[in-house]
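Student: Following this line is target_32.cif, made up of mmCIF, C-alpha atoms:
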```
data_run
loop_
_atom_site.label_atom_id
_atom_site.label_comp_id
_atom_site.auth_asym_id
_atom_site.auth_seq_id
_atom_site.Cartn_x
_atom_site.Cartn_y
_atom_site.Cartn_z
CA MET A 1353 5.34 7.39 -3.32
CA SER A 1354 3.08 4.62 -2.05
CA VAL A 1355 3.73 1.01 -3.05
CA VAL A 1356 0.58 -1.03 -2.51
CA GLY A 1357 -0.32 -4.59 -3.48
CA SER A 1358 -3.48 -6.37 -4.55
CA SER A 1359 -2.67 -9.39 -2.39
CA PRO A 1360 -0.02 -10.96 -0.19
CA GLY A 1361 2.58 -12.63 -2.36
CA VAL A 1362 2.85 -9.96 -5.09
CA GLY A 1363 6.28 -8.71 -3.98
CA LYS A 1364 5.14 -5.30 -2.74
CA THR A 1365 7.63 -5.05 0.13
CA THR A 1366 10.56 -6.20 -2.00
CA LEU A 1367 9.73 -3.62 -4.67
CA CYS A 1368 9.21 -0.86 -2.11
CA ARG A 1369 12.59 -1.54 -0.52
CA ALA A 1370 14.32 -1.56 -3.92
CA VAL A 1371 12.73 1.77 -4.94
CA ALA A 1372 13.76 3.40 -1.66
CA GLN A 1373 17.34 2.20 -2.06
CA TRP A 1374 17.42 3.32 -5.69
CA LEU A 1375 16.24 6.85 -4.90
CA THR A 1376 18.73 7.08 -2.05
CA SER A 1377 21.50 6.16 -4.49
CA PHE A 1378 20.90 9.48 -6.29
CA GLY A 1379 21.75 11.36 -3.11
CA ALA A 1380 18.11 12.16 -2.34
CA SER A 1381 16.78 12.36 1.21
CA VAL A 1382 14.38 9.42 1.37
CA ASP A 1383 12.09 8.24 4.14
CA HIS A 1384 11.39 4.53 3.70
CA PHE A 1385 8.17 3.91 5.65
CA GLU A 1386 7.88 0.16 6.19
CA GLU A 1387 4.50 -1.50 6.65
CA ALA A 1388 4.93 -2.09 10.39
CA ASP A 1389 5.99 1.53 10.97
CA ILE A 1390 2.36 2.65 11.17
CA LEU A 1391 2.31 1.25 14.72
CA THR A 1392 5.56 2.92 15.81
CA ARG A 1393 5.90 6.28 14.07
CA ALA A 1394 5.11 9.31 16.23
CA ALA A 1395 2.82 10.87 13.62
CA PHE A 1396 0.70 7.71 13.62
CA ARG A 1397 0.49 7.25 17.40
CA PRO A 1398 -3.29 7.90 17.38
CA VAL A 1399 -3.68 5.09 14.81
CA ALA A 1400 -1.74 2.67 17.03
CA GLU A 1401 -3.81 3.68 20.05
CA GLU A 1402 -7.14 3.14 18.28
CA PHE A 1403 -6.00 -0.15 16.75
CA ALA A 1404 -5.01 -1.41 20.20
CA GLY A 1405 -8.58 -0.86 21.40
CA GLU A 1406 -11.28 -3.46 21.84
CA THR A 1407 -12.52 -3.34 18.23
CA ALA A 1408 -9.03 -3.26 16.61
CA THR A 1409 -10.28 -0.69 14.10
CA VAL A 1410 -9.25 2.84 13.22
CA GLN A 1411 -11.55 5.70 12.23
CA PRO A 1412 -10.96 7.15 8.74
CA ALA A 1413 -10.61 10.65 10.23
CA THR A 1414 -7.71 9.40 12.36
CA LEU A 1415 -5.93 7.92 9.33
CA ILE A 1416 -6.40 11.16 7.41
CA GLU A 1417 -5.14 13.44 10.19
CA CYS A 1418 -2.14 11.22 10.92
CA THR A 1419 -1.25 11.15 7.22
CA ARG A 1420 -1.48 14.94 7.15
CA ALA A 1421 0.86 15.11 10.16
CA TYR A 1422 3.32 12.66 8.61
CA VAL A 1423 3.55 14.56 5.33
CA ALA A 1424 3.91 17.92 7.10
CA GLU A 1425 6.60 16.49 9.39
CA SER A 1426 8.50 15.05 6.43
CA LEU A 1427 8.33 18.27 4.42
CA ALA A 1428 9.58 20.23 7.42
CA ALA A 1429 12.48 17.77 7.74
CA GLY A 1430 13.45 18.41 4.11
CA LYS A 1431 12.70 14.94 2.78
CA ASP A 1432 12.81 14.67 -1.01
CA TYR A 1433 10.83 11.42 -1.26
CA LEU A 1434 8.58 9.40 1.00
CA VAL A 1435 8.49 5.77 -0.10
CA THR A 1436 5.76 3.98 1.82
CA ASP A 1437 4.90 0.29 2.01
CA ALA A 1438 1.13 -0.34 2.06
CA LEU A 1439 0.27 3.08 3.49
CA LEU A 1440 -1.78 5.41 1.29
CA PRO A 1441 -4.69 4.96 0.58
CA PHE A 1442 -5.54 2.29 3.26
CA ILE A 1443 -8.15 0.52 1.11
CA PRO A 1444 -7.68 -3.09 2.37
CA SER A 1445 -7.93 -2.01 6.00
CA LEU A 1446 -10.95 0.22 5.44
CA VAL A 1447 -12.74 -2.55 3.53
CA ALA A 1448 -11.98 -5.06 6.30
CA TRP A 1449 -13.36 -2.61 8.86
CA GLY A 1450 -16.65 -2.50 7.00
CA HIS A 1451 -16.54 0.78 5.06
CA ASP A 1452 -18.45 0.78 1.76
CA GLU A 1453 -17.49 2.34 -1.57
CA PRO A 1454 -19.20 5.73 -1.04
CA ALA A 1455 -17.36 6.09 2.27
CA LEU A 1456 -14.07 5.19 0.58
CA VAL A 1457 -14.67 7.78 -2.14
CA GLN A 1458 -14.93 10.41 0.59
CA VAL A 1459 -11.81 9.11 2.35
CA MET A 1460 -9.86 9.31 -0.91
CA ALA A 1461 -10.99 12.90 -1.45
CA ASP A 1462 -10.01 13.83 2.09
CA LEU A 1463 -6.62 12.11 1.75
CA SER A 1464 -5.96 13.94 -1.51
CA ARG A 1465 -6.38 17.23 0.33
CA ALA A 1466 -4.44 16.07 3.38
CA VAL A 1467 -1.22 15.26 1.49
CA ARG A 1468 -0.93 18.59 -0.32
CA PRO A 1469 1.46 19.94 -1.48
CA ALA A 1470 3.18 16.56 -1.85
CA GLN A 1471 2.89 14.94 -5.26
CA VAL A 1472 1.61 11.37 -4.93
CA THR A 1473 2.50 8.37 -7.06
CA VAL A 1474 0.83 5.06 -6.27
CA VAL A 1475 2.67 1.97 -7.51
CA TYR A 1476 -0.06 -0.68 -7.64
CA VAL A 1477 1.48 -4.15 -7.72
CA HIS A 1478 -1.01 -6.80 -8.76
CA ASP A 1479 -1.46 -10.37 -9.91
CA ASP A 1480 -4.18 -12.99 -9.99
CA PRO A 1481 -5.08 -13.37 -6.28
CA GLU A 1482 -5.05 -17.18 -6.31
CA ALA A 1483 -1.55 -17.28 -7.80
CA ALA A 1484 -0.31 -14.61 -5.39
CA LEU A 1485 -1.79 -16.33 -2.35
CA ARG A 1486 -0.22 -19.63 -3.37
CA ARG A 1487 3.16 -17.90 -3.47
CA ALA A 1488 2.54 -16.39 -0.04
CA VAL A 1489 1.67 -19.80 1.42
CA GLU A 1490 4.75 -21.39 -0.17
CA ARG A 1491 6.89 -18.66 1.35
CA GLU A 1492 5.27 -18.42 4.80
CA GLY A 1493 3.87 -21.93 5.37
CA ASP A 1494 0.50 -23.44 6.24
CA ALA A 1495 0.31 -21.62 9.59
CA TRP A 1496 0.32 -18.31 7.72
CA GLU A 1497 -2.59 -19.48 5.55
CA ASP A 1498 -4.63 -20.28 8.66
CA TRP A 1499 -3.74 -16.92 10.22
CA TYR A 1500 -4.59 -14.94 7.08
CA VAL A 1501 -7.97 -16.61 6.53
CA ARG A 1502 -8.85 -16.20 10.21
CA LYS A 1503 -7.84 -12.53 10.15
CA LEU A 1504 -10.19 -11.82 7.25
CA ALA A 1505 -12.99 -13.94 8.68
CA ASP A 1506 -12.82 -12.04 11.97
CA SER A 1507 -13.13 -8.59 10.35
CA PRO A 1508 -16.56 -6.96 9.80
CA GLY A 1509 -16.13 -6.30 6.09
CA THR A 1510 -14.60 -9.66 5.16
CA ARG A 1511 -16.56 -12.16 7.24
CA GLY A 1512 -17.51 -14.12 4.13
CA VAL A 1513 -13.94 -15.44 3.85
CA HIS A 1514 -13.56 -19.01 5.12
CA ASP A 1515 -10.75 -20.50 3.05
CA LEU A 1516 -8.07 -19.54 0.55
CA SER A 1517 -10.49 -19.70 -2.40
CA SER A 1518 -12.96 -17.27 -0.80
CA ALA A 1519 -10.03 -15.07 0.23
CA ALA A 1520 -8.96 -14.91 -3.43
CA ALA A 1521 -12.52 -14.02 -4.47
CA HIS A 1522 -12.56 -11.20 -1.92
CA LEU A 1523 -9.19 -9.89 -3.10
CA ARG A 1524 -10.37 -9.98 -6.70
CA SER A 1525 -13.36 -7.80 -5.81
CA GLU A 1526 -11.19 -5.53 -3.68
CA GLY A 1527 -8.78 -5.12 -6.59
CA GLU A 1528 -11.58 -3.91 -8.83
CA LEU A 1529 -12.64 -1.46 -6.14
CA THR A 1530 -9.07 -0.24 -5.75
CA ARG A 1531 -8.74 0.44 -9.47
CA ARG A 1532 -12.01 2.40 -9.49
CA LEU A 1533 -10.95 4.51 -6.53
CA LEU A 1534 -7.44 5.18 -7.86
CA ALA A 1535 -8.92 6.23 -11.21
CA ARG A 1536 -10.79 9.01 -9.40
CA ALA A 1537 -7.81 10.24 -7.39
CA PRO A 1538 -5.65 13.17 -8.59
CA TRP A 1539 -2.55 11.00 -8.29
CA HIS A 1540 -0.23 9.34 -10.73
CA VAL A 1541 -0.82 5.58 -10.76
CA LEU A 1542 1.71 3.07 -12.06
CA ASN A 1543 0.31 -0.42 -12.56
CA VAL A 1544 2.84 -3.24 -12.19
CA ASN A 1545 1.46 -6.62 -13.25
CA VAL A 1546 3.72 -9.21 -11.66
CA GLY A 1547 1.78 -11.99 -13.32
CA THR A 1548 3.97 -11.34 -16.35
CA LEU A 1549 7.09 -10.03 -14.57
CA ASN A 1550 9.51 -11.52 -12.08
CA ALA A 1551 10.84 -9.43 -9.17
CA GLN A 1552 13.83 -8.09 -11.11
CA GLU A 1553 11.67 -7.21 -14.13
CA ALA A 1554 9.06 -5.54 -11.91
CA TYR A 1555 11.76 -3.38 -10.35
CA ALA A 1556 13.25 -2.48 -13.75
CA HIS A 1557 9.81 -1.55 -15.09
CA THR A 1558 9.10 0.63 -12.06
CA ARG A 1559 12.54 2.22 -12.06
CA ASP A 1560 12.39 3.09 -15.77
CA HIS A 1561 8.94 4.62 -15.43
CA LEU A 1562 9.90 6.66 -12.38
CA THR A 1563 13.14 7.82 -14.01
CA ASN A 1564 11.12 9.45 -16.77
CA MET A 1565 8.34 10.73 -14.52
CA LEU A 1566 10.66 12.27 -11.91
CA ALA A 1567 13.18 13.52 -14.52
CA LEU A 1568 15.97 11.66 -12.76
CA PRO A 1569 19.39 11.21 -14.35
CA GLY A 1570 19.99 7.83 -15.90
CA ARG A 1571 22.63 6.76 -13.42
CA PRO A 1572 22.83 7.02 -9.62
CA LEU A 1573 25.74 8.60 -7.80
CA ALA A 1574 28.87 6.47 -7.61
#
```
Can the structure from this file be put into structure tokens for me?

Tutor:
Amino acid sequence: MSVVGSSPGVGKTTLCRAVAQWLTSFGASVDHFEEADILTRAAFRPVAEEFAGETATVQPATLIECTRAYVAESLAAGKDYLVTDALLPFIPSLVAWGHDEPALVQVMADLSRAVRPAQVTVVYVHDDPEAALRRAVEREGDAWEDWYVRKLADSPGTRGVHDLSSAAAHLRSEGELTRRLLARAPWHVLNVNVGTLNAQEAYAHTRDHLTNMLALPGRPLA
């Protein structure tokens, strides 16, 4: 289960953590893969090594093979659920590294094969990018805004970003691309529009949908 967001400030990490805790409450074996774990998990060591290189980019083939290794490792360990924060399908990173839509279509196809036999659900948390970015700045401060704009401006695929407004325009376009790519994938996609939901409502909406989809009992273990 991959929880991904259209923008900083949409509450992706909060929702991911809540889903992981909720599934654990049923007695399931859950691996909660936090966003920063991609640089520390053994299965993703090749990703960390490439990212630490001079270009600070990672080849799609490396992402695919490391994902394959992670899923295989987790299945062998008897995990019931993998709940990942901003992992699959890597669209924001690949866009920033300069990969175009045809390349991303191929990456998605390769990832779909790599994760078999795991069943994938993508929880896509989204909101208007300008509203979400404003929330992120309010939470993190002006220094974060400068860092975020600079990070995008320094990447090959997002060099047109120079302020928060152009960052929002990029994220809007990236969101449209993400929806097109997810529509082609053989995965279940749950859209969570936090423009109309607060954090508690977003969690309740996600929980209720997953309860039905995963045929979970209505109440967790005491």

Student: For the structure shown, which residues end up in the PyMOL selection byres ((chain A and resi 1435) around 7)? Put them as a list in words, please?

Tutor: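 For this structure, the PyMOL selection byres ((chain A and resi 1435) around 7) captures Met1353, Ser1354, Cys1368, Ala1372, Asp1383, His1384, Phe1385, Tyr1433, Leu1434, Thr1436 and Asp1437 of chain A.
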
Student: Have a look at A:Gly1509, A:Gly1361, A:Pro1538, A:Gly1430 and name the one nearest to Asp1452 (chain A); count only C-alpha atoms.

Tutor: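 Closest candidate: A:Gly1509.
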
Student: Find the residue from A:Asp1515, A:Glu1386, A:Asp1479, A:Glu1417 that sits nearest to Val1399 (chain A); use only C-alpha atoms when measuring.

Tutor: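 Between A:Asp1515, A:Glu1386, A:Asp1479, A:Glu1417, the residue approaching Val1399 (chain A) most closely is A:Glu1417.
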
Student: Convert the output of the PyMOL selection byres ((chain A and resi 1502) around 12) on the shown file into explicit residues, formatted as a PyMOL selection string.

Tutor: chain A and resi 1495-1501+1503-1507+1510-1516+1518-1519

Student: Write a file of the selected residues as a PDB file, in the frame of the given file, keeping C-alpha atoms.

Tutor:
```pdb
ATOM      1  CA  ALA A1495       0.310 -21.620   9.590  1.00  0.00           C
ATOM      2  CA  TRP A1496       0.320 -18.310   7.720  1.00  0.00           C
ATOM      3  CA  GLU A1497      -2.590 -19.480   5.550  1.00  0.00           C
ATOM      4  CA  ASP A1498      -4.630 -20.280   8.660  1.00  0.00           C
ATOM      5  CA  TRP A1499      -3.740 -16.920  10.220  1.00  0.00           C
ATOM      6  CA  TYR A1500      -4.590 -14.940   7.080  1.00  0.00           C
ATOM      7  CA  VAL A1501      -7.970 -16.610   6.530  1.00  0.00           C
ATOM      8  CA  LYS A1503      -7.840 -12.530  10.150  1.00  0.00           C
ATOM      9  CA  LEU A1504     -10.190 -11.820   7.250  1.00  0.00           C
ATOM     10  CA  ALA A1505     -12.990 -13.940   8.680  1.00  0.00           C
ATOM     11  CA  ASP A1506     -12.820 -12.040  11.970  1.00  0.00           C
ATOM     12  CA  SER A1507     -13.130  -8.590  10.350  1.00  0.00           C
ATOM     13  CA  THR A1510     -14.600  -9.660   5.160  1.00  0.00           C
ATOM     14  CA  ARG A1511     -16.560 -12.160   7.240  1.00  0.00           C
ATOM     15  CA  GLY A1512     -17.510 -14.120   4.130  1.00  0.00           C
ATOM     16  CA  VAL A1513     -13.940 -15.440   3.850  1.00  0.00           C
ATOM     17  CA  HIS A1514     -13.560 -19.010   5.120  1.00  0.00           C
ATOM     18  CA  ASP A1515     -10.750 -20.500   3.050  1.00  0.00           C
ATOM     19  CA  LEU A1516      -8.070 -19.540   0.550  1.00  0.00           C
ATOM     20  CA  SER A1518     -12.960 -17.270  -0.800  1.00  0.00           C
ATOM     21  CA  ALA A1519     -10.030 -15.070   0.230  1.00  0.00           C
TER      22      ALA A1519
END
```

Student: Please identify all polymer residues within 12 Å of Leu1568 (chain A), counting all atoms listed in the file, omitting same-chain residues fewer than 6 positions from it, and present them as a PDB file with C-alpha atoms, in the coordinates of the input.

Tutor:
```
ATOM      1  CA  TRP A1374      17.420   3.320  -5.690  1.00  0.00           C
ATOM      2  CA  LEU A1375      16.240   6.850  -4.900  1.00  0.00           C
ATOM      3  CA  THR A1376      18.730   7.080  -2.050  1.00  0.00           C
ATOM      4  CA  SER A1377      21.500   6.160  -4.490  1.00  0.00           C
ATOM      5  CA  PHE A1378      20.900   9.480  -6.290  1.00  0.00           C
ATOM      6  CA  GLY A1379      21.750  11.360  -3.110  1.00  0.00           C
ATOM      7  CA  ALA A1380      18.110  12.160  -2.340  1.00  0.00           C
ATOM      8  CA  ARG A1559      12.540   2.220 -12.060  1.00  0.00           C
ATOM      9  CA  ASP A1560      12.390   3.090 -15.770  1.00  0.00           C
ATOM     10  CA  HIS A1561       8.940   4.620 -15.430  1.00  0.00           C
ATOM     11  CA  LEU A1562       9.900   6.660 -12.380  1.00  0.00           C
TER      12      LEU A1562
END
```

Student: Can you measure CA of Val1410 (chain A) to CA of Trp1449 (chain A) for me? One decimal in Å is fine.

Tutor: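 So the two atoms, CA of Val1410 (chain A) and CA of Trp1449 (chain A), lie 8.1 Å apart.
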
Student: Can you measure CA of Ile1443 (chain A) to CA of Arg1524 (chain A) for me? One decimal in Å is fine.

Tutor: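 Those two atoms sit 13.3 Å apart.
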
Student: I'd like to see the residues matched by the PyMOL selection byres ((chain A and resi 1474) around 10) on this file, and ideally I'd get them as a PyMOL selection string.

Tutor: chain A and resi 1353-1356+1435-1436+1438-1441+1472-1473+1475-1477+1534+1539-1543

Student: So which one's closest to Glu1425 (chain A), A:Ala1470, A:Lys1364, A:Arg1369, A:Asp1494? Using all atoms listed in the file, please.

Tutor: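 Residue with the minimum atom-to-atom distance to Glu1425 (chain A): A:Ala1470.
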
Student: How big is the axis-aligned box around the listed atoms of region 1479-1491 of chain A once 8 Å is added on each side, and where is its centre? Give both in Å to one decimal, as JSON.

Tutor:
```
{"center_x": 0.9, "center_y": -15.9, "center_z": -4.3, "size_x": 28.0, "size_y": 27.0, "size_z": 27.4}
```

Student: Name the residues in contact with Thr1548 (chain A) at a cut-off of 12 Å, using only C-alpha atoms, excluding same-chain residues fewer than 4 positions from it; report them as a list in words.

Tutor: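 That gives Val1362, Val1477, His1478, Asp1479, Asp1480, Ala1483, Val1544, Gln1552, Glu1553, Ala1554 and His1557 of chain A.
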
Student: Keeping only C-alpha atoms, write those residues as an mmCIF file, keeping the file's coordinate frame.

Tutor:
```cif
data_model
loop_
_atom_site.group_PDB
_atom_site.id
_atom_site.type_symbol
_atom_site.label_atom_id
_atom_site.label_comp_id
_atom_site.auth_asym_id
_atom_site.auth_seq_id
_atom_site.Cartn_x
_atom_site.Cartn_y
_atom_site.Cartn_z
ATOM 1 C CA VAL A 1362 2.850 -9.960 -5.090
ATOM 2 C CA VAL A 1477 1.480 -4.150 -7.720
ATOM 3 C CA HIS A 1478 -1.010 -6.800 -8.760
ATOM 4 C CA ASP A 1479 -1.460 -10.370 -9.910
ATOM 5 C CA ASP A 1480 -4.180 -12.990 -9.990
ATOM 6 C CA ALA A 1483 -1.550 -17.280 -7.800
ATOM 7 C CA VAL A 1544 2.840 -3.240 -12.190
ATOM 8 C CA GLN A 1552 13.830 -8.090 -11.110
ATOM 9 C CA GLU A 1553 11.670 -7.210 -14.130
ATOM 10 C CA ALA A 1554 9.060 -5.540 -11.910
ATOM 11 C CA HIS A 1557 9.810 -1.550 -15.090
#
```

Student: What gap, in Å, lies between CA of Lys1431 (chain A) and CA of Ser1381 (chain A)?

Tutor: 5.1 Å

Student: Using all atoms listed in the file, which of the listed residues (A:Glu1526, A:Val1546, A:Thr1366, A:Gly1405) sits closest to Ala1448 (chain A)?

Tutor: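 Nearest to Ala1448 (chain A): A:Glu1526.
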
Student: Here is a test: counting only C-alpha atoms, which residue of A:Glu1453, A:Tyr1422, A:Leu1391, A:Leu1549 is nearest to Ala1404 (chain A)?

Tutor: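 For Ala1404 (chain A), the nearest of the given residues is A:Leu1391.
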
Student: Please identify all polymer residues within 9 Å of Thr1414 (chain A), counting all atoms listed in the file, omitting same-chain residues fewer than 4 positions from it, and present them as a ChimeraX atom specification.

Tutor: /A:1396,1398-1399,1402,1410,1418-1419

Student: In the coordinates of the file, take the point (9.4, -11.3, -8.2) and a cut-off of 6 Å; then, counting all atoms listed in the file, name each qualifying protein, DNA or RNA residue as a VMD selection string.

Tutor: chain A and resid 1363 1550 to 1551

Student: Restricted to C-alpha atoms, what would the selected residues look like written as a PDB file, in the coordinates of the input?

Tutor:
```pdb
ATOM      1  CA  GLY A1363       6.280  -8.710  -3.980  1.00  0.00           C
ATOM      2  CA  ASN A1550       9.510 -11.520 -12.080  1.00  0.00           C
ATOM      3  CA  ALA A1551      10.840  -9.430  -9.170  1.00  0.00           C
TER       4      ALA A1551
END
```

Student: Excluding Tyr1555 (chain A) and residues on its chain fewer than 5 positions from it, collect all residues at most 8 Å away from it, counting only C-alpha atoms, and give them as a compact mmCIF listing (two decimals) with C-alpha atoms, keeping the file's coordinate frame.

Tutor:
```
# COMPACT_ATOMS: atom_id res chain seq x y z
CA LEU A 1367 9.73 -3.62 -4.67
CA ALA A 1370 14.32 -1.56 -3.92
CA VAL A 1371 12.73 1.77 -4.94
```

Student: Compare A:Ser1525, A:Leu1427, A:Leu1533, A:Ile1390 by their minimum atom-to-atom distance to Ala1455 (chain A), counting all atoms listed in the file, and give me the closest one.

Tutor: A:Leu1533

Student: Could region 1537-1553 of chain A be completed with N, CA and C atoms and returned as an mmCIF file, in the frame of the given file?

Tutor:
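Now in result.cif:
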```cif
data_model
loop_
_atom_site.group_PDB
_atom_site.id
_atom_site.type_symbol
_atom_site.label_atom_id
_atom_site.label_comp_id
_atom_site.auth_asym_id
_atom_site.auth_seq_id
_atom_site.Cartn_x
_atom_site.Cartn_y
_atom_site.Cartn_z
ATOM 1 N N ALA A 1537 -8.736 9.432 -8.188
ATOM 2 C CA ALA A 1537 -7.810 10.240 -7.390
ATOM 3 C C ALA A 1537 -6.925 11.111 -8.289
ATOM 4 N N PRO A 1538 -6.524 12.288 -7.813
ATOM 5 C CA PRO A 1538 -5.650 13.170 -8.590
ATOM 6 C C PRO A 1538 -4.185 12.797 -8.449
ATOM 7 N N TRP A 1539 -3.895 11.516 -8.492
ATOM 8 C CA TRP A 1539 -2.550 11.000 -8.290
ATOM 9 C C TRP A 1539 -2.080 10.257 -9.534
ATOM 10 N N HIS A 1540 -0.777 10.173 -9.656
ATOM 11 C CA HIS A 1540 -0.230 9.340 -10.730
ATOM 12 C C HIS A 1540 -0.256 7.887 -10.256
ATOM 13 N N VAL A 1541 -0.723 6.993 -11.102
ATOM 14 C CA VAL A 1541 -0.820 5.580 -10.760
ATOM 15 C C VAL A 1541 0.003 4.765 -11.754
ATOM 16 N N LEU A 1542 0.923 3.980 -11.231
ATOM 17 C CA LEU A 1542 1.710 3.070 -12.060
ATOM 18 C C LEU A 1542 1.282 1.647 -11.746
ATOM 19 N N ASN A 1543 0.724 0.961 -12.723
ATOM 20 C CA ASN A 1543 0.310 -0.420 -12.560
ATOM 21 C C ASN A 1543 1.473 -1.351 -12.893
ATOM 22 N N VAL A 1544 1.762 -2.267 -11.985
ATOM 23 C CA VAL A 1544 2.840 -3.240 -12.190
ATOM 24 C C VAL A 1544 2.231 -4.631 -12.076
ATOM 25 N N ASN A 1545 2.067 -5.290 -13.211
ATOM 26 C CA ASN A 1545 1.460 -6.620 -13.250
ATOM 27 C C ASN A 1545 2.544 -7.670 -13.100
ATOM 28 N N VAL A 1546 2.659 -8.234 -11.897
ATOM 29 C CA VAL A 1546 3.720 -9.210 -11.660
ATOM 30 C C VAL A 1546 3.325 -10.610 -12.131
ATOM 31 N N GLY A 1547 2.136 -10.721 -12.702
ATOM 32 C CA GLY A 1547 1.780 -11.990 -13.320
ATOM 33 C C GLY A 1547 2.605 -12.259 -14.559
ATOM 34 N N THR A 1548 3.148 -11.200 -15.148
ATOM 35 C CA THR A 1548 3.970 -11.340 -16.350
ATOM 36 C C THR A 1548 5.415 -10.913 -16.116
ATOM 37 N N LEU A 1549 5.748 -10.517 -14.871
ATOM 38 C CA LEU A 1549 7.090 -10.030 -14.570
ATOM 39 C C LEU A 1549 7.626 -10.720 -13.315
ATOM 40 N N ASN A 1550 8.912 -11.062 -13.315
ATOM 41 C CA ASN A 1550 9.510 -11.520 -12.080
ATOM 42 C C ASN A 1550 9.941 -10.310 -11.249
ATOM 43 N N ALA A 1551 10.512 -10.536 -10.068
ATOM 44 C CA ALA A 1551 10.840 -9.430 -9.170
ATOM 45 C C ALA A 1551 11.816 -8.441 -9.805
ATOM 46 N N GLN A 1552 12.833 -8.967 -10.485
ATOM 47 C CA GLN A 1552 13.830 -8.090 -11.110
ATOM 48 C C GLN A 1552 13.193 -7.275 -12.243
ATOM 49 N N GLU A 1553 12.332 -7.906 -13.025
ATOM 50 C CA GLU A 1553 11.670 -7.210 -14.130
ATOM 51 C C GLU A 1553 10.679 -6.172 -13.608
#
```
